[in-house]
$ cat query.cif   # mmCIF, C-alpha atoms
data_protein
#
loop_
_atom_site.group_PDB
_atom_site.id
_atom_site.type_symbol
_atom_site.label_atom_id
_atom_site.label_comp_id
_atom_site.auth_asym_id
_atom_site.auth_seq_id
_atom_site.Cartn_x
_atom_site.Cartn_y
_atom_site.Cartn_z
ATOM 1 C CA MET A 1 263.263 -96.250 -94.820
ATOM 2 C CA PRO A 2 264.585 -96.926 -91.299
ATOM 3 C CA HIS A 3 263.629 -94.612 -88.490
ATOM 4 C CA ILE A 4 266.534 -92.272 -87.690
ATOM 5 C CA SER A 5 266.176 -89.431 -85.224
ATOM 6 C CA LEU A 6 269.069 -87.199 -84.197
ATOM 7 C CA ALA A 7 267.498 -86.346 -80.836
ATOM 8 C CA ALA A 8 266.544 -89.006 -78.313
ATOM 9 C CA GLU A 9 262.800 -89.471 -78.175
ATOM 10 C CA ARG A 10 260.888 -88.405 -75.102
ATOM 11 C CA LEU A 11 259.024 -91.159 -73.283
ATOM 12 C CA GLY A 12 257.522 -89.121 -70.460
ATOM 13 C CA SER A 13 258.423 -86.571 -67.856
ATOM 14 C CA PHE A 14 259.084 -86.495 -64.133
ATOM 15 C CA LEU A 15 258.575 -83.290 -62.159
ATOM 16 C CA GLY A 16 259.097 -81.278 -65.340
ATOM 17 C CA PHE A 17 262.300 -83.101 -66.402
ATOM 18 C CA PRO A 18 261.957 -85.066 -69.669
ATOM 19 C CA ILE A 19 262.654 -88.807 -69.561
ATOM 20 C CA ASN A 20 264.292 -89.939 -72.829
ATOM 21 C CA ASN A 21 264.680 -93.478 -74.037
ATOM 22 C CA ALA A 22 268.455 -92.931 -73.826
ATOM 23 C CA LEU A 23 268.007 -91.993 -70.153
ATOM 24 C CA VAL A 24 266.156 -95.273 -69.510
ATOM 25 C CA THR A 25 269.027 -97.161 -71.157
ATOM 26 C CA THR A 26 271.515 -95.214 -69.016
ATOM 27 C CA TRP A 27 269.683 -96.421 -65.910
ATOM 28 C CA CYS A 28 269.879 -100.012 -67.209
ATOM 29 C CA VAL A 29 273.644 -99.655 -67.803
ATOM 30 C CA MET A 30 274.056 -98.230 -64.300
ATOM 31 C CA ALA A 31 272.115 -101.159 -62.870
ATOM 32 C CA ILE A 32 274.290 -103.647 -64.781
ATOM 33 C CA LEU A 33 277.517 -102.017 -63.577
ATOM 34 C CA ILE A 34 276.391 -101.640 -59.948
ATOM 35 C CA ILE A 35 274.959 -105.162 -59.659
ATOM 36 C CA GLY A 36 277.996 -106.591 -61.491
ATOM 37 C CA SER A 37 280.500 -104.926 -59.199
ATOM 38 C CA PHE A 38 278.431 -105.885 -56.145
ATOM 39 C CA CYS A 39 278.420 -109.544 -57.205
ATOM 40 C CA ALA A 40 282.149 -109.471 -57.951
ATOM 41 C CA THR A 41 283.171 -108.088 -54.578
ATOM 42 C CA ARG A 42 280.963 -109.859 -52.046
ATOM 43 C CA ASN A 43 282.605 -112.877 -50.363
ATOM 44 C CA MET A 44 285.997 -111.790 -51.712
ATOM 45 C CA ARG A 45 288.488 -114.563 -51.191
ATOM 46 C CA GLU A 46 292.258 -114.863 -51.452
ATOM 47 C CA VAL A 47 291.833 -117.455 -54.193
ATOM 48 C CA PRO A 48 289.190 -115.832 -56.358
ATOM 49 C CA ASN A 49 286.271 -117.476 -58.088
ATOM 50 C CA ALA A 50 285.586 -116.888 -61.777
ATOM 51 C CA PHE A 51 283.652 -113.627 -61.591
ATOM 52 C CA GLN A 52 286.042 -112.033 -59.112
ATOM 53 C CA SER A 53 288.928 -113.133 -61.350
ATOM 54 C CA ILE A 54 287.469 -111.323 -64.324
ATOM 55 C CA ALA A 55 286.867 -108.191 -62.259
ATOM 56 C CA GLU A 56 290.444 -108.312 -60.969
ATOM 57 C CA MET A 57 291.798 -108.705 -64.506
ATOM 58 C CA VAL A 58 289.764 -105.734 -65.729
ATOM 59 C CA VAL A 59 290.639 -103.421 -62.845
ATOM 60 C CA GLY A 60 294.296 -104.525 -62.763
ATOM 61 C CA GLY A 61 294.683 -104.119 -66.500
ATOM 62 C CA LEU A 62 293.144 -100.632 -66.446
ATOM 63 C CA TYR A 63 295.342 -99.649 -63.488
ATOM 64 C CA ASP A 64 298.533 -100.725 -65.265
ATOM 65 C CA PHE A 65 297.452 -99.012 -68.475
ATOM 66 C CA PHE A 66 296.553 -95.697 -66.874
ATOM 67 C CA SER A 67 299.603 -95.616 -64.620
ATOM 68 C CA THR A 68 301.797 -95.431 -67.738
ATOM 69 C CA ILE A 69 300.005 -92.173 -68.595
ATOM 70 C CA SER A 70 299.338 -90.685 -65.168
ATOM 71 C CA GLY A 71 302.569 -91.634 -63.431
ATOM 72 C CA LYS A 72 302.665 -90.735 -59.774
ATOM 73 C CA HIS A 73 299.130 -89.268 -59.615
ATOM 74 C CA ILE A 74 297.471 -92.578 -60.504
ATOM 75 C CA GLN A 75 296.144 -93.207 -56.983
ATOM 76 C CA LYS A 76 294.118 -89.979 -57.070
ATOM 77 C CA VAL A 77 292.723 -90.145 -60.571
ATOM 78 C CA PHE A 78 292.237 -93.861 -61.214
ATOM 79 C CA PRO A 79 288.603 -93.964 -59.942
ATOM 80 C CA LEU A 80 287.597 -91.209 -62.378
ATOM 81 C CA LEU A 81 289.403 -92.742 -65.367
ATOM 82 C CA ALA A 82 288.250 -96.314 -64.762
ATOM 83 C CA SER A 83 284.646 -95.203 -64.125
ATOM 84 C CA LEU A 84 284.595 -93.201 -67.358
ATOM 85 C CA PHE A 85 286.023 -96.159 -69.282
ATOM 86 C CA LEU A 86 283.691 -98.783 -67.805
ATOM 87 C CA PHE A 87 280.546 -96.684 -68.115
ATOM 88 C CA ILE A 88 281.261 -95.635 -71.704
ATOM 89 C CA ILE A 89 282.177 -99.126 -72.884
ATOM 90 C CA ALA A 90 279.116 -100.634 -71.195
ATOM 91 C CA ALA A 91 276.850 -97.913 -72.640
ATOM 92 C CA ASN A 92 278.284 -98.354 -76.146
ATOM 93 C CA TRP A 93 277.958 -102.146 -76.115
ATOM 94 C CA VAL A 94 274.464 -102.203 -74.562
ATOM 95 C CA GLY A 95 273.385 -100.094 -77.555
ATOM 96 C CA LEU A 96 274.201 -103.047 -79.824
ATOM 97 C CA LEU A 97 271.986 -105.567 -78.001
ATOM 98 C CA PRO A 98 268.889 -106.814 -79.875
ATOM 99 C CA GLY A 99 265.851 -104.838 -78.812
ATOM 100 C CA VAL A 100 267.680 -101.565 -78.218
ATOM 101 C CA GLY A 101 266.334 -99.206 -80.858
ATOM 102 C CA THR A 102 263.929 -101.773 -82.321
ATOM 103 C CA VAL A 103 261.337 -102.462 -79.582
ATOM 104 C CA GLY A 104 258.961 -99.539 -79.260
ATOM 105 C CA PHE A 105 255.574 -98.081 -80.032
ATOM 106 C CA PHE A 106 253.756 -95.536 -82.169
ATOM 107 C CA ARG A 107 252.208 -92.498 -80.551
ATOM 108 C CA PRO A 108 248.465 -92.155 -81.244
ATOM 109 C CA GLU A 109 248.819 -88.620 -82.621
ATOM 110 C CA GLU A 110 251.892 -89.275 -84.883
ATOM 111 C CA THR A 111 251.352 -92.705 -86.414
ATOM 112 C CA GLU A 112 254.360 -92.559 -88.798
ATOM 113 C CA LYS A 113 256.981 -91.764 -86.176
ATOM 114 C CA PHE A 114 258.367 -94.824 -84.391
ATOM 115 C CA VAL A 115 259.411 -94.298 -80.762
ATOM 116 C CA PRO A 116 261.877 -96.943 -79.466
ATOM 117 C CA LEU A 117 261.685 -97.820 -75.792
ATOM 118 C CA PHE A 118 265.475 -98.143 -75.468
ATOM 119 C CA ARG A 119 268.219 -96.276 -77.305
ATOM 120 C CA GLY A 120 271.984 -96.437 -76.827
ATOM 121 C CA ALA A 121 272.919 -94.225 -73.896
ATOM 122 C CA THR A 122 275.777 -92.502 -75.703
ATOM 123 C CA THR A 123 273.694 -91.809 -78.814
ATOM 124 C CA ASP A 124 272.104 -88.923 -76.924
ATOM 125 C CA ILE A 125 274.141 -85.702 -77.081
ATOM 126 C CA ASN A 126 272.970 -84.919 -73.537
ATOM 127 C CA THR A 127 274.747 -87.982 -72.096
ATOM 128 C CA THR A 128 277.999 -87.346 -73.913
ATOM 129 C CA LEU A 129 277.902 -83.632 -73.076
ATOM 130 C CA ALA A 130 277.394 -84.519 -69.408
ATOM 131 C CA LEU A 131 280.342 -86.943 -69.494
ATOM 132 C CA ALA A 132 282.497 -84.305 -71.189
ATOM 133 C CA ILE A 133 281.590 -81.654 -68.597
ATOM 134 C CA VAL A 134 282.330 -84.121 -65.788
ATOM 135 C CA ALA A 135 285.733 -84.952 -67.284
ATOM 136 C CA VAL A 136 286.828 -81.341 -67.870
ATOM 137 C CA VAL A 137 285.512 -80.036 -64.516
ATOM 138 C CA ALA A 138 287.219 -82.964 -62.780
ATOM 139 C CA ILE A 139 290.494 -81.979 -64.466
ATOM 140 C CA GLN A 140 290.203 -78.470 -63.027
ATOM 141 C CA TYR A 141 289.218 -79.888 -59.611
ATOM 142 C CA TYR A 142 292.219 -82.221 -59.452
ATOM 143 C CA GLY A 143 294.404 -79.381 -60.710
ATOM 144 C CA PHE A 144 293.367 -77.102 -57.867
ATOM 145 C CA ARG A 145 293.574 -79.860 -55.283
ATOM 146 C CA THR A 146 297.026 -81.079 -56.311
ATOM 147 C CA VAL A 147 298.794 -77.882 -57.379
ATOM 148 C CA GLY A 148 296.924 -75.555 -55.048
ATOM 149 C CA LYS A 149 295.976 -71.943 -55.741
ATOM 150 C CA HIS A 150 298.931 -71.663 -58.134
ATOM 151 C CA TYR A 151 296.839 -73.639 -60.660
ATOM 152 C CA SER A 152 294.795 -70.519 -61.448
ATOM 153 C CA SER A 153 297.960 -68.974 -62.919
ATOM 154 C CA ARG A 154 297.476 -71.363 -65.811
ATOM 155 C CA PHE A 155 294.502 -69.285 -66.978
ATOM 156 C CA ILE A 156 294.960 -65.827 -65.455
ATOM 157 C CA ASN A 157 298.609 -64.903 -65.706
ATOM 158 C CA ILE A 158 299.347 -61.180 -65.555
ATOM 159 C CA THR A 159 303.146 -61.392 -65.368
ATOM 160 C CA ASN A 160 303.497 -60.237 -68.970
ATOM 161 C CA PRO A 161 301.175 -59.618 -71.965
ATOM 162 C CA ILE A 162 302.170 -62.803 -73.791
ATOM 163 C CA ASN A 163 301.393 -64.971 -70.764
ATOM 164 C CA PHE A 164 298.065 -63.172 -70.384
ATOM 165 C CA PHE A 165 297.150 -64.044 -73.965
ATOM 166 C CA VAL A 166 298.285 -67.638 -73.444
ATOM 167 C CA GLY A 167 295.993 -67.809 -70.393
ATOM 168 C CA ILE A 168 293.006 -66.657 -72.449
ATOM 169 C CA LEU A 169 293.877 -69.317 -75.045
ATOM 170 C CA GLU A 170 294.011 -71.954 -72.305
ATOM 171 C CA ILE A 171 290.463 -71.055 -71.216
ATOM 172 C CA ALA A 172 289.251 -71.333 -74.820
ATOM 173 C CA SER A 173 291.103 -74.637 -75.118
ATOM 174 C CA GLU A 174 289.316 -76.062 -72.058
ATOM 175 C CA VAL A 175 285.902 -75.088 -73.468
ATOM 176 C CA SER A 176 286.805 -76.622 -76.820
ATOM 177 C CA LYS A 177 287.765 -79.821 -74.985
ATOM 178 C CA ILE A 178 284.210 -80.124 -73.664
ATOM 179 C CA VAL A 179 282.790 -79.737 -77.188
ATOM 180 C CA SER A 180 285.291 -82.115 -78.754
ATOM 181 C CA PHE A 181 284.823 -84.839 -76.083
ATOM 182 C CA ALA A 182 281.043 -84.648 -76.423
ATOM 183 C CA PHE A 183 280.931 -84.675 -80.217
ATOM 184 C CA ARG A 184 283.634 -87.300 -80.711
ATOM 185 C CA LEU A 185 281.761 -89.850 -78.595
ATOM 186 C CA PHE A 186 278.291 -88.863 -79.839
ATOM 187 C CA GLY A 187 279.312 -88.756 -83.513
ATOM 188 C CA ASN A 188 281.064 -92.119 -83.468
ATOM 189 C CA ILE A 189 278.316 -94.045 -81.675
ATOM 190 C CA PHE A 190 275.322 -92.329 -83.338
ATOM 191 C CA ALA A 191 276.859 -92.717 -86.805
ATOM 192 C CA GLY A 192 277.430 -96.396 -86.001
ATOM 193 C CA GLU A 193 273.770 -96.757 -85.055
ATOM 194 C CA VAL A 194 272.650 -95.078 -88.290
ATOM 195 C CA LEU A 195 275.012 -97.320 -90.275
ATOM 196 C CA LEU A 196 273.634 -100.474 -88.634
ATOM 197 C CA ALA A 197 270.042 -99.349 -89.217
ATOM 198 C CA VAL A 198 270.661 -98.624 -92.904
ATOM 199 C CA ILE A 199 272.592 -101.878 -93.497
ATOM 200 C CA ALA A 200 269.922 -103.923 -91.729
ATOM 201 C CA PHE A 201 267.287 -102.162 -93.848
ATOM 202 C CA LEU A 202 269.143 -102.919 -97.090
ATOM 203 C CA MET A 203 270.238 -106.513 -96.389
ATOM 204 C CA PRO A 204 269.058 -108.032 -93.078
ATOM 205 C CA PHE A 205 270.827 -111.416 -93.426
ATOM 206 C CA ILE A 206 274.576 -112.069 -92.873
ATOM 207 C CA VAL A 207 275.691 -108.618 -94.123
ATOM 208 C CA PRO A 208 275.154 -106.744 -90.810
ATOM 209 C CA LEU A 209 277.641 -109.092 -89.068
ATOM 210 C CA PRO A 210 280.909 -107.375 -90.071
ATOM 211 C CA PHE A 211 279.341 -104.003 -89.275
ATOM 212 C CA LEU A 212 278.322 -105.237 -85.814
ATOM 213 C CA MET A 213 281.901 -106.405 -85.274
ATOM 214 C CA MET A 214 283.144 -102.980 -86.319
ATOM 215 C CA GLU A 215 280.715 -101.295 -83.925
ATOM 216 C CA LEU A 216 281.943 -103.485 -81.055
ATOM 217 C CA PHE A 217 285.478 -102.396 -81.879
ATOM 218 C CA VAL A 218 284.481 -98.723 -82.248
ATOM 219 C CA GLY A 219 282.647 -98.818 -78.914
ATOM 220 C CA PHE A 220 285.765 -100.136 -77.186
ATOM 221 C CA ILE A 221 288.085 -97.630 -78.927
ATOM 222 C CA GLN A 222 285.864 -94.644 -78.098
ATOM 223 C CA ALA A 223 285.732 -95.608 -74.414
ATOM 224 C CA LEU A 224 289.509 -96.016 -74.442
ATOM 225 C CA VAL A 225 290.059 -92.704 -76.248
ATOM 226 C CA PHE A 226 287.748 -90.770 -73.904
ATOM 227 C CA SER A 227 289.447 -92.014 -70.751
ATOM 228 C CA MET A 228 292.943 -91.856 -72.252
ATOM 229 C CA LEU A 229 292.470 -88.236 -73.352
ATOM 230 C CA THR A 230 291.159 -87.381 -69.872
ATOM 231 C CA ALA A 231 294.278 -89.019 -68.407
ATOM 232 C CA VAL A 232 296.579 -87.092 -70.742
ATOM 233 C CA PHE A 233 294.914 -83.729 -70.030
ATOM 234 C CA LEU A 234 294.996 -84.545 -66.311
ATOM 235 C CA SER A 235 298.723 -85.216 -66.394
ATOM 236 C CA VAL A 236 299.252 -81.923 -68.273
ATOM 237 C CA ALA A 237 297.166 -80.036 -65.690
ATOM 238 C CA LEU A 238 298.819 -81.675 -62.686
ATOM 239 C CA MET A 239 302.270 -80.831 -64.066
ATOM 240 C CA HIS A 240 301.546 -77.097 -64.000
ATOM 241 C CA GLY A 241 304.006 -75.277 -61.821
ATOM 242 C CA SER A 242 306.467 -78.111 -61.316
ATOM 243 C CA GLU A 243 310.156 -77.742 -62.245
ATOM 244 C CA ASN A 244 310.113 -79.676 -65.513
ATOM 245 C CA HIS A 245 307.195 -77.686 -66.962
ATOM 246 C CA ALA A 246 308.001 -74.992 -69.539
ATOM 247 C CA MET B 1 267.057 -74.544 -106.784
ATOM 248 C CA GLU B 2 264.527 -75.413 -104.118
ATOM 249 C CA GLU B 3 265.381 -75.911 -100.481
ATOM 250 C CA GLY B 4 265.023 -79.703 -100.421
ATOM 251 C CA THR B 5 267.485 -80.130 -103.283
ATOM 252 C CA VAL B 6 270.055 -77.803 -101.751
ATOM 253 C CA LYS B 7 269.745 -79.644 -98.421
ATOM 254 C CA MET B 8 270.401 -82.985 -100.070
ATOM 255 C CA ILE B 9 273.406 -81.740 -102.016
ATOM 256 C CA MET B 10 274.924 -79.988 -99.017
ATOM 257 C CA THR B 11 274.508 -83.066 -96.807
ATOM 258 C CA GLY B 12 276.627 -85.106 -99.167
ATOM 259 C CA LEU B 13 279.145 -82.334 -99.822
ATOM 260 C CA THR B 14 279.645 -81.593 -96.097
ATOM 261 C CA ILE B 15 280.755 -85.067 -95.138
ATOM 262 C CA ALA B 16 282.590 -85.715 -98.409
ATOM 263 C CA LEU B 17 284.750 -82.587 -98.199
ATOM 264 C CA GLY B 18 285.058 -82.736 -94.415
ATOM 265 C CA GLY B 19 286.443 -86.251 -94.524
ATOM 266 C CA ILE B 20 289.274 -85.656 -96.993
ATOM 267 C CA VAL B 21 291.881 -84.025 -94.750
ATOM 268 C CA PRO B 22 291.179 -86.179 -91.636
ATOM 269 C CA ALA B 23 291.511 -89.331 -93.758
ATOM 270 C CA TYR B 24 294.831 -88.093 -95.165
ATOM 271 C CA SER B 25 296.162 -87.146 -91.727
ATOM 272 C CA ILE B 26 295.121 -90.501 -90.229
ATOM 273 C CA GLY B 27 296.975 -92.300 -93.009
ATOM 274 C CA LEU B 28 300.039 -90.104 -92.468
ATOM 275 C CA MET B 29 300.003 -90.743 -88.698
ATOM 276 C CA ALA B 30 299.624 -94.492 -89.117
ATOM 277 C CA SER B 31 302.460 -94.628 -91.645
ATOM 278 C CA LYS B 32 304.796 -92.644 -89.373
ATOM 279 C CA ALA B 33 303.874 -94.943 -86.500
ATOM 280 C CA MET B 34 304.694 -97.986 -88.610
ATOM 281 C CA GLU B 35 308.050 -96.473 -89.554
ATOM 282 C CA ALA B 36 308.767 -95.791 -85.885
ATOM 283 C CA ILE B 37 307.877 -99.344 -84.877
ATOM 284 C CA GLY B 38 310.024 -100.673 -87.704
ATOM 285 C CA ARG B 39 313.015 -98.710 -86.472
ATOM 286 C CA ASN B 40 312.477 -99.530 -82.804
ATOM 287 C CA PRO B 41 310.312 -102.625 -82.257
ATOM 288 C CA GLU B 42 310.793 -102.458 -78.487
ATOM 289 C CA ALA B 43 308.845 -99.186 -78.271
ATOM 290 C CA ALA B 44 305.865 -100.670 -80.148
ATOM 291 C CA GLY B 45 303.498 -100.423 -77.157
ATOM 292 C CA GLU B 46 304.189 -96.745 -76.458
ATOM 293 C CA VAL B 47 304.119 -95.825 -80.147
ATOM 294 C CA ARG B 48 300.786 -97.615 -80.519
ATOM 295 C CA THR B 49 299.214 -95.802 -77.560
ATOM 296 C CA THR B 50 300.423 -92.398 -78.754
ATOM 297 C CA MET B 51 299.217 -93.157 -82.262
ATOM 298 C CA ILE B 52 295.696 -94.023 -81.010
ATOM 299 C CA LEU B 53 295.696 -90.702 -79.144
ATOM 300 C CA GLY B 54 296.629 -88.777 -82.279
ATOM 301 C CA LEU B 55 294.113 -90.737 -84.364
ATOM 302 C CA ALA B 56 291.326 -89.703 -81.984
ATOM 303 C CA PHE B 57 292.074 -86.006 -82.482
ATOM 304 C CA ALA B 58 292.192 -86.339 -86.268
ATOM 305 C CA GLU B 59 289.043 -88.456 -86.411
ATOM 306 C CA ALA B 60 287.164 -85.929 -84.261
ATOM 307 C CA ILE B 61 287.319 -83.401 -87.118
ATOM 308 C CA ALA B 62 285.697 -85.885 -89.484
ATOM 309 C CA ILE B 63 283.058 -86.535 -86.799
ATOM 310 C CA TYR B 64 282.309 -82.786 -86.594
ATOM 311 C CA ALA B 65 281.700 -82.786 -90.364
ATOM 312 C CA LEU B 66 279.497 -85.880 -90.033
ATOM 313 C CA VAL B 67 277.396 -84.352 -87.240
ATOM 314 C CA ALA B 68 276.993 -81.152 -89.270
ATOM 315 C CA ALA B 69 275.801 -83.231 -92.247
ATOM 316 C CA LEU B 70 273.373 -85.153 -90.014
ATOM 317 C CA ILE B 71 271.992 -81.898 -88.607
ATOM 318 C CA ILE B 72 271.468 -80.556 -92.133
ATOM 319 C CA LYS B 73 269.633 -83.702 -93.157
ATOM 320 C CA PHE B 74 267.497 -84.416 -90.102
ATOM 321 C CA VAL B 75 266.837 -81.042 -88.469
#

$ encode --input "query.cif" --output "structure tokens"
Amino acid sequence: MPHISLAAERLGSFLGFPINNALVTTWCVMAILIIGSFCATRNMREVPNAFQSIAEMVVGGLYDFFSTISGKHIQKVFPLLASLFLFIIAANWVGLLPGVGTVGFFRPEETEKFVPLFRGATTDINTTLALAIVAVVAIQYYGFRTVGKHYSSRFINITNPINFFVGILEIASEVSKIVSFAFRLFGNIFAGEVLLAVIAFLMPFIVPLPFLMMELFVGFIQALVFSMLTAVFLSVALMHGSENHA
Amino acid sequence: MEEGTVKMIMTGLTIALGGIVPAYSIGLMASKAMEAIGRNPEAAGEVRTTMILGLAFAEAIAIYALVAALIIKFV
């Protein structure tokens, strides 16, 4: 029976904060992204070399894609959207590498429970909850910065009783966005990990290949969906108070 | 019925019942998107993007059911 644990296993602690194996993997993903972008942008030339070319294709493609959703606010919000997309896709795909979830140890006091050293970063509900909170709080931040104080009338609107009720519903809707962002990403990637573990347990040769392909695809789609939904909610928030808004 | 048996049954029932309506709505959305692309092939890119957006919302409900089933089984 393969080892499946809903919560990320604790490897140690630092000043009272627990260090999970998913946190260690998050640090590795951060290192990959930071070192990768550093290597792509040093000695930038007019005629780019291979690595800079790839980076330009990725950033240019994301910019064109998000500007169809965000319209004229793209300059402000592109760093947030592209960072969310790149971090989530890197975290999802690093979770599929050999060794992640399989290399680990047994604790001396619980010899039946396997503790992996690395575990996909987004398979920990803490990571996805943090990303969701960042996305939703950033939406409110950009709302206040772009629309000004008038943005608070989206939630607290005492002009008439119906608008007041709609404002309360908007607050509930924002909280539900945090929950839905977190659980969509966590559920998809964790369920994929469980599926791969069970398939590899049942039939380790050849059969896991189509499931690995599906998990690559799912990892890409979930990163795209997370950032695209953030872009859509951002454009809704930034439109508050303008003439063509109901 | 003892607790272990009820847990096992409810794990299966949660995800089985919770996946019915999201699966139906995803199929409905995809079929409407295909109709729209068939009527207006030039708008295929926009229709595709909007469809992926809608699919994410529908799939999220199935994911909630899956996470609830996982919590029943493993916690």

$ resolve_selection --input "query.cif" --expression "the PyMOL selection byres ((chain B and resi 49-65) around 6)" --output "PyMOL selection string"
(chain A and resi 184+187) or (chain B and resi 15+18-19+22+26+46-48+66-68)

$ resolve_selection --input "query.cif" --expression "the PyMOL selection byres ((chain A and resi 97) around 12)" --output "mmCIF file with C-alpha atoms, in the frame of the given file"
data_model
loop_
_atom_site.group_PDB
_atom_site.id
_atom_site.type_symbol
_atom_site.label_atom_id
_atom_site.label_comp_id
_atom_site.auth_asym_id
_atom_site.auth_seq_id
_atom_site.Cartn_x
_atom_site.Cartn_y
_atom_site.Cartn_z
ATOM 1 C CA THR A 25 269.027 -97.161 -71.157
ATOM 2 C CA VAL A 29 273.644 -99.655 -67.803
ATOM 3 C CA ALA A 90 279.116 -100.634 -71.195
ATOM 4 C CA ALA A 91 276.850 -97.913 -72.640
ATOM 5 C CA ASN A 92 278.284 -98.354 -76.146
ATOM 6 C CA TRP A 93 277.958 -102.146 -76.115
ATOM 7 C CA VAL A 94 274.464 -102.203 -74.562
ATOM 8 C CA GLY A 95 273.385 -100.094 -77.555
ATOM 9 C CA LEU A 96 274.201 -103.047 -79.824
ATOM 10 C CA PRO A 98 268.889 -106.814 -79.875
ATOM 11 C CA GLY A 99 265.851 -104.838 -78.812
ATOM 12 C CA VAL A 100 267.680 -101.565 -78.218
ATOM 13 C CA GLY A 101 266.334 -99.206 -80.858
ATOM 14 C CA THR A 102 263.929 -101.773 -82.321
ATOM 15 C CA VAL A 103 261.337 -102.462 -79.582
ATOM 16 C CA PHE A 118 265.475 -98.143 -75.468
ATOM 17 C CA ARG A 119 268.219 -96.276 -77.305
ATOM 18 C CA GLY A 120 271.984 -96.437 -76.827
ATOM 19 C CA GLU A 193 273.770 -96.757 -85.055
ATOM 20 C CA LEU A 196 273.634 -100.474 -88.634
ATOM 21 C CA LEU A 212 278.322 -105.237 -85.814
ATOM 22 C CA GLU A 215 280.715 -101.295 -83.925
ATOM 23 C CA LEU A 216 281.943 -103.485 -81.055
#

$ atom_distance --input "query.cif" --atom1 "atom CA of Met57 of chain A" --atom2 "atom CA of Ala31 of chain A"
21.1 Å

$ atom_distance --input "query.cif" --atom1 "atom CA of Ala182 of chain A" --atom2 "atom CA of Ile125 of chain A"
7.0 Å

$ atom_distance --input "query.cif" --atom1 "atom CA of Leu81 of chain A" --atom2 "atom CA of Val137 of chain A"
13.3 Å

$ closest_atom_pairs --input "query.cif" --of "chain A" --to "chain B" --cutoff "10 Å" --atoms "only C-alpha atoms" --output "Markdown table"
| residue | atom | partner | partner_atom | distance |
| --- | --- | --- | --- | --- |
| A:Ile4 | CA | B:Phe74 | CA | 8.3 |
| A:Ser5 | CA | B:Phe74 | CA | 7.1 |
| A:Leu6 | CA | B:Phe74 | CA | 6.7 |
| A:Ala7 | CA | B:Val75 | CA | 9.3 |
| A:Phe65 | CA | B:Thr49 | CA | 9.8 |
| A:Thr68 | CA | B:Glu46 | CA | 9.1 |
| A:Ile69 | CA | B:Thr49 | CA | 9.7 |
| A:Val179 | CA | B:Tyr64 | CA | 9.9 |
| A:Ser180 | CA | B:Ala60 | CA | 7.0 |
| A:Phe181 | CA | B:Ala60 | CA | 8.6 |
| A:Phe183 | CA | B:Tyr64 | CA | 6.8 |
| A:Arg184 | CA | B:Ala60 | CA | 5.2 |
| A:Leu185 | CA | B:Ala60 | CA | 8.8 |
| A:Phe186 | CA | B:Val67 | CA | 8.7 |
| A:Gly187 | CA | B:Ile63 | CA | 5.5 |
| A:Asn188 | CA | B:Ile63 | CA | 6.8 |
| A:Phe190 | CA | B:Val67 | CA | 9.1 |
| A:Ala191 | CA | B:Leu66 | CA | 8.0 |
| A:Ile221 | CA | B:Ile52 | CA | 8.7 |
| A:Gln222 | CA | B:Ala56 | CA | 8.3 |
| A:Leu224 | CA | B:Ile52 | CA | 9.2 |
| A:Val225 | CA | B:Ala56 | CA | 6.6 |
| A:Phe226 | CA | B:Ala56 | CA | 8.9 |
| A:Met228 | CA | B:Leu53 | CA | 7.5 |
| A:Leu229 | CA | B:Leu53 | CA | 7.1 |
| A:Val232 | CA | B:Leu53 | CA | 9.2 |

$ resolve_selection --input "query.cif" --expression "the PyMOL selection byres ((chain A and resi 21) around 7)" --output "ChimeraX atom specification"
/A:8-11,19-20,22-25,117-119

$ axis_aligned_box --input "query.cif" --around "segment 15-23 of chain A" --padding-each-side "8 Å" --output "lines of an AutoDock Vina configuration file"
center_x = 263.5
center_y = -87.4
center_z = -68.1
size_x = 25.9
size_y = 28.2
size_z = 27.9

$ residues_around --input "query.cif" --residues "Phe66 of chain A" --least-positions-apart "4" --cutoff "8 Å" --atoms "all atoms listed in the file" --output "number ranges by chain"
A: 62, 70, 74, 78, 81, 228, 231

$ residues_around --input "query.cif" --residues "Val136 of chain A" --least-positions-apart "4" --cutoff "7 Å" --atoms "only C-alpha atoms" --output "list of chain:residue names"
A:Ala132, A:Gln140, A:Ile178

$ residues_near_point --input "query.cif" --point "(300.3, -88.2, -59.8)" --cutoff "12 Å" --atoms "only C-alpha atoms" --output "compact mmCIF listing (two decimals) with C-alpha atoms, in the coordinates of the input"
# COMPACT_ATOMS: atom_id res chain seq x y z
CA PHE A 66 296.55 -95.70 -66.87
CA SER A 67 299.60 -95.62 -64.62
CA THR A 68 301.80 -95.43 -67.74
CA ILE A 69 300.00 -92.17 -68.60
CA SER A 70 299.34 -90.68 -65.17
CA GLY A 71 302.57 -91.63 -63.43
CA LYS A 72 302.67 -90.74 -59.77
CA HIS A 73 299.13 -89.27 -59.62
CA ILE A 74 297.47 -92.58 -60.50
CA GLN A 75 296.14 -93.21 -56.98
CA LYS A 76 294.12 -89.98 -57.07
CA VAL A 77 292.72 -90.14 -60.57
CA PHE A 78 292.24 -93.86 -61.21
CA TYR A 142 292.22 -82.22 -59.45
CA GLY A 143 294.40 -79.38 -60.71
CA ARG A 145 293.57 -79.86 -55.28
CA THR A 146 297.03 -81.08 -56.31
CA VAL A 147 298.79 -77.88 -57.38
CA ALA A 231 294.28 -89.02 -68.41
CA VAL A 232 296.58 -87.09 -70.74
CA LEU A 234 295.00 -84.54 -66.31
CA SER A 235 298.72 -85.22 -66.39
CA VAL A 236 299.25 -81.92 -68.27
CA ALA A 237 297.17 -80.04 -65.69
CA LEU A 238 298.82 -81.68 -62.69
CA MET A 239 302.27 -80.83 -64.07
CA HIS A 240 301.55 -77.10 -64.00
CA SER A 242 306.47 -78.11 -61.32

$ residues_near_point --input "query.cif" --point "(294.6, -68.2, -61.8)" --cutoff "12 Å" --atoms "all atoms listed in the file" --output "ChimeraX atom specification"
/A:140,143-144,147-159,163-164,167-168,170-171,240-241
